[in-house]
$ cat model-v2.txt   # compact mmCIF, C-alpha atoms and all ligand atoms
# COMPACT_ATOMS: atom_id res chain seq x y z
CA MET O 1 6.24 14.14 100.76
CA ARG O 2 6.92 14.38 104.48
CA ALA O 3 4.68 12.96 107.20
CA LEU O 4 4.99 13.05 111.01
CA LYS O 5 4.26 9.50 112.17
CA TYR O 6 3.47 8.03 115.56
CA ALA O 7 5.71 4.99 116.05
CA ASP O 8 5.48 4.41 119.82
CA PRO O 9 4.96 6.51 122.95
CA TRP O 10 7.71 9.19 122.93
CA ASP O 11 8.70 8.14 119.41
CA LEU O 12 7.46 10.42 116.62
CA ARG O 13 9.22 10.28 113.26
CA LEU O 14 9.24 12.77 110.40
CA VAL O 15 9.60 10.48 107.39
CA GLU O 16 9.35 10.53 103.60
CA VAL O 17 6.26 8.73 102.31
CA GLU O 18 4.70 8.26 98.90
CA THR O 19 3.00 11.44 97.63
CA LEU O 20 -0.81 11.31 97.82
CA HIS O 21 -2.94 11.75 94.69
CA ALA O 22 -6.68 12.04 93.95
CA LEU O 23 -7.38 8.65 92.37
CA ARG O 24 -11.10 8.15 93.08
CA PRO O 25 -13.92 10.32 91.64
CA HIS O 26 -14.71 12.20 94.88
CA ASP O 27 -11.14 12.47 96.22
CA VAL O 28 -9.66 15.80 97.21
CA VAL O 29 -5.94 16.13 97.93
CA VAL O 30 -4.91 19.18 99.96
CA ASP O 31 -1.43 20.69 100.21
CA ILE O 32 -1.36 21.33 103.96
CA HIS O 33 -0.31 24.81 105.06
CA TYR O 34 -1.14 24.85 108.78
CA CYS O 35 -2.14 22.21 111.29
CA GLY O 36 -2.82 22.97 114.96
CA ILE O 37 -1.37 20.85 117.74
CA CYS O 38 -4.18 19.50 119.93
CA GLY O 39 -4.11 18.02 123.43
CA THR O 40 -4.92 14.76 121.66
CA ASP O 41 -1.58 14.94 119.81
CA LEU O 42 0.26 15.47 123.11
CA GLY O 43 -1.64 12.49 124.55
CA ILE O 44 -0.68 10.33 121.58
CA ALA O 45 2.98 11.40 121.64
CA SER O 46 3.27 10.70 125.36
CA GLY O 47 1.28 7.44 125.34
CA PHE O 48 -1.48 8.87 127.57
CA TYR O 49 -4.07 8.57 124.78
CA PRO O 50 -3.58 4.94 123.76
CA VAL O 51 -6.20 5.07 121.01
CA ALA O 52 -3.82 6.01 118.18
CA GLN O 53 -2.78 3.41 115.62
CA GLN O 54 0.95 2.77 115.37
CA GLY O 55 2.40 4.12 112.15
CA VAL O 56 -0.37 6.67 111.67
CA THR O 57 0.36 10.24 110.54
CA ILE O 58 -0.92 12.46 113.36
CA GLY O 59 -2.50 15.95 113.16
CA HIS O 60 -6.17 16.82 112.55
CA GLU O 61 -6.70 20.62 112.72
CA ALA O 62 -5.61 21.51 109.21
CA THR O 63 -6.01 24.03 106.43
CA GLY O 64 -4.37 24.20 103.03
CA ILE O 65 -4.77 24.59 99.30
CA VAL O 66 -6.46 22.04 97.05
CA ALA O 67 -3.80 20.31 94.93
CA GLU O 68 -5.83 17.67 93.08
CA VAL O 69 -9.51 16.72 92.73
CA GLY O 70 -11.29 13.64 91.36
CA GLU O 71 -13.48 14.07 88.27
CA LYS O 72 -16.78 14.13 90.23
CA VAL O 73 -15.79 16.77 92.82
CA THR O 74 -18.15 19.75 92.61
CA ASN O 75 -17.56 21.87 95.73
CA ALA O 76 -13.81 22.59 95.42
CA LYS O 77 -11.26 23.08 92.69
CA VAL O 78 -7.47 23.12 92.44
CA GLY O 79 -6.13 26.28 94.09
CA ASP O 80 -9.03 26.73 96.53
CA ARG O 81 -8.10 27.53 100.13
CA VAL O 82 -9.87 25.03 102.39
CA VAL O 83 -10.32 23.83 105.95
CA ILE O 84 -10.56 20.07 106.52
CA ASN O 85 -13.11 18.27 108.69
CA PRO O 86 -11.09 15.29 109.96
CA THR O 87 -14.00 13.38 111.52
CA PRO O 88 -15.68 11.05 109.02
CA PHE O 89 -19.22 9.71 109.41
CA CYS O 90 -21.45 7.61 107.20
CA GLY O 91 -24.76 9.40 107.81
CA ALA O 92 -26.69 6.11 107.77
CA CYS O 93 -25.81 4.06 110.88
CA ARG O 94 -27.76 4.04 114.15
CA MET O 95 -25.42 6.65 115.69
CA CYS O 96 -25.54 8.99 112.69
CA GLU O 97 -29.32 8.70 112.39
CA SER O 98 -29.71 9.68 116.05
CA ARG O 99 -27.48 12.77 115.64
CA ARG O 100 -24.42 11.16 117.22
CA THR O 101 -22.25 11.39 114.11
CA ASN O 102 -19.11 11.63 116.27
CA HIS O 103 -19.71 8.02 117.29
CA CYS O 104 -20.51 6.70 113.78
CA THR O 105 -20.17 2.91 113.86
CA ASN O 106 -18.99 2.68 110.26
CA LYS O 107 -15.80 4.66 110.71
CA MET O 108 -12.67 2.87 111.76
CA GLY O 109 -11.77 4.22 115.21
CA THR O 110 -12.03 7.95 115.78
CA GLU O 111 -10.66 10.46 113.29
CA SER O 112 -7.90 11.29 110.87
CA GLY O 113 -4.67 11.84 112.73
CA VAL O 114 -5.58 9.20 115.34
CA SER O 115 -7.04 6.15 113.62
CA TYR O 116 -5.88 6.90 110.08
CA ASP O 117 -3.43 9.22 108.43
CA GLY O 118 -3.76 12.87 109.41
CA ALA O 119 -2.38 16.22 108.40
CA PHE O 120 1.04 16.82 109.98
CA ALA O 121 2.20 16.13 106.43
CA ASP O 122 2.76 17.91 103.12
CA ARG O 123 -0.46 16.42 101.74
CA PHE O 124 -3.76 15.06 103.04
CA LEU O 125 -6.22 12.87 101.14
CA THR O 126 -9.94 13.22 101.83
CA THR O 127 -13.23 13.38 99.92
CA GLN O 128 -15.28 16.39 98.89
CA GLU O 129 -17.75 16.40 101.79
CA TYR O 130 -14.89 17.02 104.25
CA VAL O 131 -13.45 20.20 102.72
CA HIS O 132 -14.94 23.68 103.14
CA VAL O 133 -13.72 26.47 100.85
CA LEU O 134 -12.67 29.58 102.81
CA PRO O 135 -13.85 33.12 102.01
CA GLU O 136 -11.00 35.33 100.76
CA ASP O 137 -10.69 37.37 103.94
CA VAL O 138 -10.31 34.37 106.29
CA SER O 139 -6.70 33.36 106.85
CA LEU O 140 -5.51 29.77 106.68
CA LYS O 141 -4.17 30.26 110.21
CA ALA O 142 -7.49 31.40 111.69
CA ALA O 143 -9.39 28.61 109.93
CA ALA O 144 -7.08 25.99 111.53
CA LEU O 145 -9.13 26.54 114.70
CA THR O 146 -12.34 25.35 113.05
CA GLU O 147 -11.99 21.74 114.21
CA PRO O 148 -11.32 22.43 117.90
CA LEU O 149 -14.14 25.00 117.87
CA ALA O 150 -16.44 22.39 116.28
CA CYS O 151 -15.65 20.03 119.19
CA VAL O 152 -16.43 22.82 121.66
CA LEU O 153 -19.74 23.59 119.96
CA GLY O 154 -20.56 19.87 120.14
CA GLY O 155 -20.18 20.17 123.92
CA VAL O 156 -22.06 23.48 124.19
CA ARG O 157 -25.01 21.98 122.29
CA GLN O 158 -25.50 19.53 125.14
CA LEU O 159 -25.89 22.28 127.74
CA ASP O 160 -29.18 23.85 128.73
CA LEU O 161 -28.37 27.56 128.51
CA SER O 162 -31.97 28.68 128.81
CA LEU O 163 -31.27 29.87 132.36
CA PRO O 164 -27.91 31.65 131.98
CA SER O 165 -26.14 31.88 135.32
CA PRO O 166 -23.25 34.09 136.43
CA TYR O 167 -22.00 31.04 138.34
CA THR O 168 -20.55 29.43 135.23
CA PHE O 169 -16.92 28.28 135.37
CA VAL O 170 -14.39 27.00 132.86
CA PHE O 171 -11.42 25.16 134.39
CA GLY O 172 -8.26 25.36 132.26
CA ALA O 173 -7.30 28.31 130.05
CA GLY O 174 -5.66 26.38 127.24
CA PRO O 175 -7.04 26.70 123.70
CA LEU O 176 -9.97 24.38 124.51
CA GLY O 177 -10.91 26.35 127.63
CA LEU O 178 -10.69 29.67 125.78
CA LEU O 179 -12.82 28.34 122.92
CA TYR O 180 -15.46 27.31 125.49
CA VAL O 181 -15.39 30.81 126.95
CA TRP O 182 -15.82 32.35 123.49
CA ALA O 183 -18.54 29.91 122.40
CA LEU O 184 -20.51 30.46 125.62
CA SER O 185 -20.07 34.24 125.47
CA LEU O 186 -21.56 34.22 121.95
CA ARG O 187 -24.60 32.53 123.53
CA GLY O 188 -24.91 35.16 126.24
CA VAL O 189 -23.05 33.37 129.05
CA LEU O 190 -19.75 34.82 130.24
CA PRO O 191 -17.95 32.20 132.34
CA ILE O 192 -15.33 32.73 135.04
CA VAL O 193 -12.04 31.07 134.03
CA ILE O 194 -9.82 29.24 136.50
CA GLU O 195 -6.20 28.53 135.56
CA ARG O 196 -3.49 27.36 137.95
CA SER O 197 -0.49 27.75 135.65
CA GLU O 198 1.10 31.19 135.82
CA ALA O 199 2.25 30.98 132.17
CA ARG O 200 -1.20 30.01 130.89
CA LEU O 201 -2.82 32.70 133.03
CA ARG O 202 -0.61 35.38 131.43
CA SER O 203 -1.24 34.07 127.95
CA ALA O 204 -5.00 33.75 128.33
CA GLY O 205 -5.86 37.21 129.70
CA PRO O 206 -5.64 39.22 126.46
CA ARG O 207 -7.22 36.41 124.41
CA LEU O 208 -10.50 36.35 126.36
CA PRO O 209 -13.74 38.04 125.23
CA LYS O 210 -14.34 41.50 126.67
CA GLY O 211 -15.41 41.39 130.29
CA ALA O 212 -14.38 37.77 130.95
CA LYS O 213 -12.41 37.28 134.16
CA ILE O 214 -9.67 34.79 134.96
CA TYR O 215 -8.43 33.69 138.40
CA ARG O 216 -5.76 31.37 139.82
CA SER O 217 -8.18 29.33 141.89
CA LEU O 218 -11.86 28.85 142.59
CA GLU O 219 -11.29 30.31 146.06
CA GLU O 220 -9.82 33.48 144.56
CA ALA O 221 -12.72 33.78 142.09
CA ARG O 222 -15.26 33.37 144.87
CA ARG O 223 -13.50 35.92 147.08
CA SER O 224 -12.53 38.54 144.49
CA HIS O 225 -15.33 38.22 141.97
CA PHE O 226 -18.41 37.18 143.92
CA HIS O 227 -17.34 38.41 147.41
CA ASP O 228 -18.84 35.17 148.66
CA PRO O 229 -16.60 32.28 149.80
CA GLU O 230 -19.48 29.90 149.08
CA ALA O 231 -20.51 31.21 145.66
CA PRO O 232 -22.35 28.30 144.00
CA LEU O 233 -21.35 26.27 140.95
CA ASP O 234 -24.24 26.15 138.47
CA LEU O 235 -22.34 25.11 135.35
CA VAL O 236 -18.78 23.77 135.28
CA ILE O 237 -16.78 22.95 132.16
CA ASP O 238 -13.66 20.99 133.04
CA THR O 239 -11.02 20.92 130.31
CA THR O 240 -8.41 19.49 132.72
CA SER O 241 -9.95 16.02 133.43
CA GLY O 242 -9.10 16.52 137.10
CA MET O 243 -11.89 18.48 138.81
CA LEU O 244 -14.88 16.12 139.09
CA MET O 245 -14.18 14.54 142.49
CA GLU O 246 -13.08 17.79 144.09
CA LEU O 247 -16.03 19.83 142.84
CA TYR O 248 -18.76 17.17 143.03
CA PRO O 249 -19.75 17.89 146.65
CA GLN O 250 -19.92 21.62 145.84
CA LEU O 251 -22.12 21.45 142.74
CA ALA O 252 -25.36 23.42 143.18
CA CYS O 253 -28.69 21.59 143.03
CA GLY O 254 -29.74 21.23 139.39
CA SER O 255 -26.27 22.08 138.13
CA THR O 256 -24.31 20.59 135.22
CA PHE O 257 -20.70 19.40 135.07
CA LEU O 258 -19.24 18.91 131.57
CA SER O 259 -15.95 17.01 131.28
CA VAL O 260 -14.00 17.43 128.04
CA GLY O 261 -10.38 16.66 129.01
CA LEU O 262 -8.77 13.49 127.66
CA LYS O 263 -6.60 12.43 130.57
CA THR O 264 -7.33 9.16 132.36
CA GLN O 265 -8.63 10.09 135.80
CA ASP O 266 -10.62 7.82 138.11
CA ALA O 267 -13.42 9.47 140.04
CA THR O 268 -15.88 8.14 142.60
CA ILE O 269 -19.20 9.90 142.97
CA ASP O 270 -22.19 9.25 145.22
CA ALA O 271 -25.24 8.13 143.19
CA LEU O 272 -27.62 9.29 145.92
CA GLN O 273 -26.27 12.84 145.61
CA LEU O 274 -26.60 12.66 141.83
CA ALA O 275 -30.34 12.03 142.20
CA ASP O 276 -31.00 13.98 145.36
CA ARG O 277 -29.41 17.16 144.02
CA SER O 278 -30.62 16.74 140.38
CA LEU O 279 -27.05 16.84 139.07
CA THR O 280 -26.08 16.36 135.44
CA ILE O 281 -22.64 14.96 134.56
CA LEU O 282 -21.80 15.14 130.85
CA GLY O 283 -18.92 14.30 128.54
CA SER O 284 -18.22 15.40 124.99
CA ILE O 285 -15.77 14.49 122.24
CA ASP O 286 -15.28 15.59 118.64
CA SER O 287 -17.54 17.61 116.38
CA ARG O 288 -21.06 16.30 115.84
CA ASP O 289 -24.17 16.76 113.82
CA GLY O 290 -23.29 19.92 111.91
CA SER O 291 -21.14 21.58 114.58
CA PHE O 292 -18.26 21.76 112.06
CA SER O 293 -20.35 23.95 109.76
CA GLU O 294 -21.39 26.11 112.69
CA ALA O 295 -17.72 26.56 113.71
CA PHE O 296 -16.81 27.40 110.11
CA ASN O 297 -19.50 30.10 110.05
CA LEU O 298 -18.40 31.63 113.37
CA ILE O 299 -14.78 31.91 112.20
CA ALA O 300 -15.59 32.94 108.62
CA SER O 301 -17.92 35.70 109.87
CA GLY O 302 -15.31 36.99 112.33
CA LEU O 303 -17.73 36.59 115.26
CA LEU O 304 -15.08 34.38 116.83
CA PRO O 305 -11.65 36.03 116.38
CA ALA O 306 -9.74 32.76 116.02
CA GLU O 307 -6.38 34.29 115.14
CA LYS O 308 -6.29 35.88 118.61
CA LEU O 309 -5.89 32.43 120.13
CA ILE O 310 -2.77 31.52 118.12
CA SER O 311 0.45 32.07 120.09
CA ASP O 312 3.08 30.28 118.00
CA VAL O 313 3.58 29.13 114.41
CA ILE O 314 6.47 26.67 114.18
CA SER O 315 7.66 24.78 111.10
CA LEU O 316 6.99 21.05 110.75
CA GLU O 317 10.66 20.04 110.92
CA ASP O 318 10.82 21.80 114.29
CA TYR O 319 7.97 19.69 115.69
CA GLU O 320 9.89 18.73 118.84
CA ARG O 321 10.19 22.39 119.82
CA ALA O 322 6.51 22.94 118.99
CA PHE O 323 5.47 20.04 121.24
CA SER O 324 7.75 21.20 124.06
CA THR O 325 6.19 24.70 123.85
CA LEU O 326 3.03 22.92 125.01
CA GLY O 327 4.74 21.01 127.81
CA CYS O 328 5.38 17.77 125.89
CA ASP O 329 9.13 17.18 126.03
CA ILE O 330 9.64 14.24 123.65
CA ARG O 331 13.42 13.95 124.17
CA ASN O 332 13.17 13.70 127.94
CA GLN O 333 9.84 11.86 127.88
CA GLN O 334 8.04 14.33 130.11
CA LEU O 335 4.53 15.74 129.89
CA GLY O 336 3.83 18.72 132.14
CA PRO O 337 2.19 22.14 132.10
CA ALA O 338 3.17 24.42 129.22
CA PRO O 339 6.35 26.20 130.37
CA ASP O 340 5.80 29.36 128.30
CA ALA O 341 2.87 31.71 127.81
CA SER O 342 1.54 29.72 124.86
CA CYS O 343 -1.98 29.18 123.58
CA LYS O 344 -2.79 27.48 120.25
CA VAL O 345 0.41 26.33 118.51
CA LEU O 346 0.27 25.70 114.75
CA LEU O 347 2.72 23.68 112.74
CA SER O 348 3.53 25.55 109.54
CA ILE O 349 3.86 23.08 106.69
CA GLY O 350 3.41 25.06 103.50
CA GLY O 351 3.14 28.59 104.94
CA GLU O 352 0.48 31.18 103.93
ZN ZN O 401 -8.25 18.04 118.49
ZN ZN O 402 -22.50 6.44 110.75

$ encode --input "model-v2.txt" --output "structure tokens" --more "lines below"
Ligand SMILES: [Zn+2]
Ligand SMILES: [Zn+2]
Amino acid sequence: MRALKYADPWDLRLVEVETLHALRPHDVVVDIHYCGICGTDLGIASGFYPVAQQGVTIGHEATGIVAEVGEKVTNAKVGDRVVINPTPFCGACRMCESRRTNHCTNKMGTESGVSYDGAFADRFLTTQEYVHVLPEDVSLKAAALTEPLACVLGGVRQLDLSLPSPYTFVFGAGPLGLLYVWALSLRGVLPIVIERSEARLRSAGPRLPKGAKIYRSLEEARRSHFHDPEAPLDLVIDTTSGMLMELYPQLACGSTFLSVGLKTQDATIDALQLADRSLTILGSIDSRDGSFSEAFNLIASGLLPAEKLISDVISLEDYERAFSTLGCDIRNQQLGPAPDASCKVLLSIGGE
């Protein structure tokens, strides 16, 4: 079987490896059909996310068809169409017991595709608690967005949305930003989206929930949407990693800033202001405490039209083109904004 391995920064290799089999009683082996490319994968490929283990198979947003099961597996059988939760947790450690399963202390590192072998491969080996069988009418493509949505819901769960405010902003209209807009809109909050890149702006417009507005800058949003150059910031979700220092002095009293980008970015903030203006600064990573099941339900029910967010489906052997569609040019070792009007890019491994 084929597997796309991380060797070194700017050095990914599609190699032949030994075919995986279900050898233990609760093992499930999935023939991978689709696996989404995440910002994390771009960070690994470019060396900006130095958490990945060398030699690991990357990819963690996968769906496929069950190929083999161990004798004690009860929730899936060969031939079932499934989505994979790539984030293991033990359920018993201090972190798991306090509902911080994403920081389980008994898992090695972070998740499949980063710390251990992931799903940019013909097959993926997991155990039964990490596969969810899809209803017939949910496509393998749509369900590939379950994992990123689960991460988004993990972030949304930390926000106090009991006082919904029109002054809610999402910075960055990539797949993560759009999933935040959708997740918030399903909770009755319709954020304003800010996206600098012309290509991303074009791509995002038709993929937003009805009524959501997108602008090139905060200034434009304030002027055109609120007709107030000083429109306040009550809730900010930053998917770019780069807005904290710039926006900090402008945050409204009692407001919340949630940072979910994974780029290294130093920021200095004034602790007096933090207290004096009752500010909340949050971060969020990975799915947590049942958010994967919640994401599965939102996609399976059609409440979140996941397929709308997919812009490209590119075959595994063409991975370099797929990465460059998202601004990660492996050949020339350059990471920049996505050059084309792309959104979520899936690698097609076994097709539908
Ligand atoms: Zn991801
Ligand atoms: Zn644990």

$ closest_atom_pairs --input "model-v2.txt" --of "chain O" --to "ligand ZN 401 (chain O)" --cutoff "9 Å" --atoms "all atoms listed in the file" --output "JSON lines"
{"residue": "O:Gly36", "atom": "CA", "partner": "O:ZN401", "partner_atom": "ZN", "distance": 8.1}
{"residue": "O:Ile37", "atom": "CA", "partner": "O:ZN401", "partner_atom": "ZN", "distance": 7.5}
{"residue": "O:Cys38", "atom": "CA", "partner": "O:ZN401", "partner_atom": "ZN", "distance": 4.6}
{"residue": "O:Gly39", "atom": "CA", "partner": "O:ZN401", "partner_atom": "ZN", "distance": 6.4}
{"residue": "O:Thr40", "atom": "CA", "partner": "O:ZN401", "partner_atom": "ZN", "distance": 5.6}
{"residue": "O:Asp41", "atom": "CA", "partner": "O:ZN401", "partner_atom": "ZN", "distance": 7.5}
{"residue": "O:Gly59", "atom": "CA", "partner": "O:ZN401", "partner_atom": "ZN", "distance": 8.1}
{"residue": "O:His60", "atom": "CA", "partner": "O:ZN401", "partner_atom": "ZN", "distance": 6.4}
{"residue": "O:Glu61", "atom": "CA", "partner": "O:ZN401", "partner_atom": "ZN", "distance": 6.5}
{"residue": "O:Glu147", "atom": "CA", "partner": "O:ZN401", "partner_atom": "ZN", "distance": 6.8}
{"residue": "O:Pro148", "atom": "CA", "partner": "O:ZN401", "partner_atom": "ZN", "distance": 5.4}
{"residue": "O:Cys151", "atom": "CA", "partner": "O:ZN401", "partner_atom": "ZN", "distance": 7.7}
{"residue": "O:Leu176", "atom": "CA", "partner": "O:ZN401", "partner_atom": "ZN", "distance": 8.9}
{"residue": "O:Asp286", "atom": "CA", "partner": "O:ZN401", "partner_atom": "ZN", "distance": 7.4}

$ write_last_selection --input "model-v2.txt" --atoms "C-alpha atoms" --output "CSV table (one decimal), in the coordinates of the input"
chain,number,residue,atom,x,y,z
O,36,GLY,CA,-2.8,23.0,115.0
O,37,ILE,CA,-1.4,20.8,117.7
O,38,CYS,CA,-4.2,19.5,119.9
O,39,GLY,CA,-4.1,18.0,123.4
O,40,THR,CA,-4.9,14.8,121.7
O,41,ASP,CA,-1.6,14.9,119.8
O,59,GLY,CA,-2.5,16.0,113.2
O,60,HIS,CA,-6.2,16.8,112.6
O,61,GLU,CA,-6.7,20.6,112.7
O,147,GLU,CA,-12.0,21.7,114.2
O,148,PRO,CA,-11.3,22.4,117.9
O,151,CYS,CA,-15.6,20.0,119.2
O,176,LEU,CA,-10.0,24.4,124.5
O,286,ASP,CA,-15.3,15.6,118.6

$ closest_atom_pairs --input "model-v2.txt" --of "chain O" --to "ligand ZN 402 (chain O)" --cutoff "7 Å" --atoms "all atoms listed in the file" --output "CSV"
residue,atom,partner,partner_atom,distance
O:Phe89,CA,O:ZN402,ZN,4.8
O:Cys90,CA,O:ZN402,ZN,3.9
O:Gly91,CA,O:ZN402,ZN,4.7
O:Ala92,CA,O:ZN402,ZN,5.2
O:Cys93,CA,O:ZN402,ZN,4.1
O:Arg94,CA,O:ZN402,ZN,6.7
O:Met95,CA,O:ZN402,ZN,5.7
O:Cys96,CA,O:ZN402,ZN,4.4
O:Thr101,CA,O:ZN402,ZN,6.0
O:Cys104,CA,O:ZN402,ZN,3.6
O:Thr105,CA,O:ZN402,ZN,5.2
O:Asn106,CA,O:ZN402,ZN,5.2
O:Lys107,CA,O:ZN402,ZN,6.9

$ residues_around --input "model-v2.txt" --residues "Thr87 of chain O" --least-positions-apart "4" --cutoff "8 Å" --atoms "all atoms listed in the file" --output "JSON, numbers by chain"
{"O": [102, 110, 111, 112, 286, 287]}

$ closest_residue --input "model-v2.txt" --among "O:Ala173, O:Ile269, O:Leu179, O:Val15" --to "Ala199 of chain O" --atoms "all atoms listed in the file"
O:Ala173

$ closest_residue --input "model-v2.txt" --among "O:Pro206, O:Gly79, O:Gly70, O:Pro50" --to "His21 of chain O" --atoms "all atoms listed in the file"
O:Gly70

$ closest_residue --input "model-v2.txt" --among "O:Ser241, O:Thr325, O:Gln333, O:Gln250" --to "Asp266 of chain O" --atoms "all atoms listed in the file"
O:Ser241

$ atom_distance --input "model-v2.txt" --atom1 "atom CA of Gly350 of chain O" --atom2 "atom CA of Asp31 of chain O"
7.3 Å

$ atom_distance --input "model-v2.txt" --atom1 "atom CA of Tyr319 of chain O" --atom2 "atom CA of Tyr6 of chain O"
12.5 Å

$ closest_residue --input "model-v2.txt" --among "O:Ala119, O:Ile84, O:Met108, O:Ala183" --to "Leu347 of chain O" --atoms "all atoms listed in the file"
O:Ala119

$ atom_distance --input "model-v2.txt" --atom1 "atom CA of Glu230 of chain O" --atom2 "atom CA of Lys263 of chain O"
28.5 Å

$ closest_residue --input "model-v2.txt" --among "O:Val152, O:Leu20, O:Ala338, O:Leu304" --to "Arg196 of chain O" --atoms "only C-alpha atoms"
O:Ala338

$ closest_residue --input "model-v2.txt" --among "O:Ala212, O:Ala76, O:Val138, O:Leu23" --to "His225 of chain O" --atoms "all atoms listed in the file"
O:Ala212

$ residues_near_point --input "model-v2.txt" --point "(6.7, 11.5, 121.0)" --cutoff "12 Å" --atoms "all atoms listed in the file" --output "VMD selection string"
chain O and resid 4 to 14 41 to 49 54 58 319 to 324 327 to 335

$ write_last_selection --input "model-v2.txt" --atoms "C-alpha atoms" --output "PDB file, in the coordinates of the input"
ATOM      1  CA  LEU O   4       4.990  13.050 111.010  1.00  0.00           C
ATOM      2  CA  LYS O   5       4.260   9.500 112.170  1.00  0.00           C
ATOM      3  CA  TYR O   6       3.470   8.030 115.560  1.00  0.00           C
ATOM      4  CA  ALA O   7       5.710   4.990 116.050  1.00  0.00           C
ATOM      5  CA  ASP O   8       5.480   4.410 119.820  1.00  0.00           C
ATOM      6  CA  PRO O   9       4.960   6.510 122.950  1.00  0.00           C
ATOM      7  CA  TRP O  10       7.710   9.190 122.930  1.00  0.00           C
ATOM      8  CA  ASP O  11       8.700   8.140 119.410  1.00  0.00           C
ATOM      9  CA  LEU O  12       7.460  10.420 116.620  1.00  0.00           C
ATOM     10  CA  ARG O  13       9.220  10.280 113.260  1.00  0.00           C
ATOM     11  CA  LEU O  14       9.240  12.770 110.400  1.00  0.00           C
ATOM     12  CA  ASP O  41      -1.580  14.940 119.810  1.00  0.00           C
ATOM     13  CA  LEU O  42       0.260  15.470 123.110  1.00  0.00           C
ATOM     14  CA  GLY O  43      -1.640  12.490 124.550  1.00  0.00           C
ATOM     15  CA  ILE O  44      -0.680  10.330 121.580  1.00  0.00           C
ATOM     16  CA  ALA O  45       2.980  11.400 121.640  1.00  0.00           C
ATOM     17  CA  SER O  46       3.270  10.700 125.360  1.00  0.00           C
ATOM     18  CA  GLY O  47       1.280   7.440 125.340  1.00  0.00           C
ATOM     19  CA  PHE O  48      -1.480   8.870 127.570  1.00  0.00           C
ATOM     20  CA  TYR O  49      -4.070   8.570 124.780  1.00  0.00           C
ATOM     21  CA  GLN O  54       0.950   2.770 115.370  1.00  0.00           C
ATOM     22  CA  ILE O  58      -0.920  12.460 113.360  1.00  0.00           C
ATOM     23  CA  TYR O 319       7.970  19.690 115.690  1.00  0.00           C
ATOM     24  CA  GLU O 320       9.890  18.730 118.840  1.00  0.00           C
ATOM     25  CA  ARG O 321      10.190  22.390 119.820  1.00  0.00           C
ATOM     26  CA  ALA O 322       6.510  22.940 118.990  1.00  0.00           C
ATOM     27  CA  PHE O 323       5.470  20.040 121.240  1.00  0.00           C
ATOM     28  CA  SER O 324       7.750  21.200 124.060  1.00  0.00           C
ATOM     29  CA  GLY O 327       4.740  21.010 127.810  1.00  0.00           C
ATOM     30  CA  CYS O 328       5.380  17.770 125.890  1.00  0.00           C
ATOM     31  CA  ASP O 329       9.130  17.180 126.030  1.00  0.00           C
ATOM     32  CA  ILE O 330       9.640  14.240 123.650  1.00  0.00           C
ATOM     33  CA  ARG O 331      13.420  13.950 124.170  1.00  0.00           C
ATOM     34  CA  ASN O 332      13.170  13.700 127.940  1.00  0.00           C
ATOM     35  CA  GLN O 333       9.840  11.860 127.880  1.00  0.00           C
ATOM     36  CA  GLN O 334       8.040  14.330 130.110  1.00  0.00           C
ATOM     37  CA  LEU O 335       4.530  15.740 129.890  1.00  0.00           C
TER      38      LEU O 335
END

$ residues_around --input "model-v2.txt" --residues "Pro305 of chain O" --least-positions-apart "3" --cutoff "12 Å" --atoms "only C-alpha atoms" --output "PDB file with C-alpha atoms, in the coordinates of the input"
ATOM      1  CA  VAL O 138     -10.310  34.370 106.290  1.00  0.00           C
ATOM      2  CA  SER O 139      -6.700  33.360 106.850  1.00  0.00           C
ATOM      3  CA  LYS O 141      -4.170  30.260 110.210  1.00  0.00           C
ATOM      4  CA  ALA O 142      -7.490  31.400 111.690  1.00  0.00           C
ATOM      5  CA  ALA O 143      -9.390  28.610 109.930  1.00  0.00           C
ATOM      6  CA  LEU O 145      -9.130  26.540 114.700  1.00  0.00           C
ATOM      7  CA  THR O 146     -12.340  25.350 113.050  1.00  0.00           C
ATOM      8  CA  LEU O 149     -14.140  25.000 117.870  1.00  0.00           C
ATOM      9  CA  LEU O 178     -10.690  29.670 125.780  1.00  0.00           C
ATOM     10  CA  LEU O 179     -12.820  28.340 122.920  1.00  0.00           C
ATOM     11  CA  TRP O 182     -15.820  32.350 123.490  1.00  0.00           C
ATOM     12  CA  ALA O 183     -18.540  29.910 122.400  1.00  0.00           C
ATOM     13  CA  LEU O 186     -21.560  34.220 121.950  1.00  0.00           C
ATOM     14  CA  ARG O 207      -7.220  36.410 124.410  1.00  0.00           C
ATOM     15  CA  LEU O 208     -10.500  36.350 126.360  1.00  0.00           C
ATOM     16  CA  PRO O 209     -13.740  38.040 125.230  1.00  0.00           C
ATOM     17  CA  LYS O 210     -14.340  41.500 126.670  1.00  0.00           C
ATOM     18  CA  ALA O 295     -17.720  26.560 113.710  1.00  0.00           C
ATOM     19  CA  PHE O 296     -16.810  27.400 110.110  1.00  0.00           C
ATOM     20  CA  ASN O 297     -19.500  30.100 110.050  1.00  0.00           C
ATOM     21  CA  LEU O 298     -18.400  31.630 113.370  1.00  0.00           C
ATOM     22  CA  ILE O 299     -14.780  31.910 112.200  1.00  0.00           C
ATOM     23  CA  ALA O 300     -15.590  32.940 108.620  1.00  0.00           C
ATOM     24  CA  SER O 301     -17.920  35.700 109.870  1.00  0.00           C
ATOM     25  CA  GLY O 302     -15.310  36.990 112.330  1.00  0.00           C
ATOM     26  CA  LYS O 308      -6.290  35.880 118.610  1.00  0.00           C
ATOM     27  CA  LEU O 309      -5.890  32.430 120.130  1.00  0.00           C
ATOM     28  CA  ILE O 310      -2.770  31.520 118.120  1.00  0.00           C
TER      29      ILE O 310
END

$ axis_aligned_box --input "model-v2.txt" --around "segment 308-312 of chain O" --padding-each-side "3 Å" --output "lines of an AutoDock Vina configuration file"
center_x = -1.6
center_y = 33.1
center_z = 119.1
size_x = 15.4
size_y = 11.6
size_z = 8.1
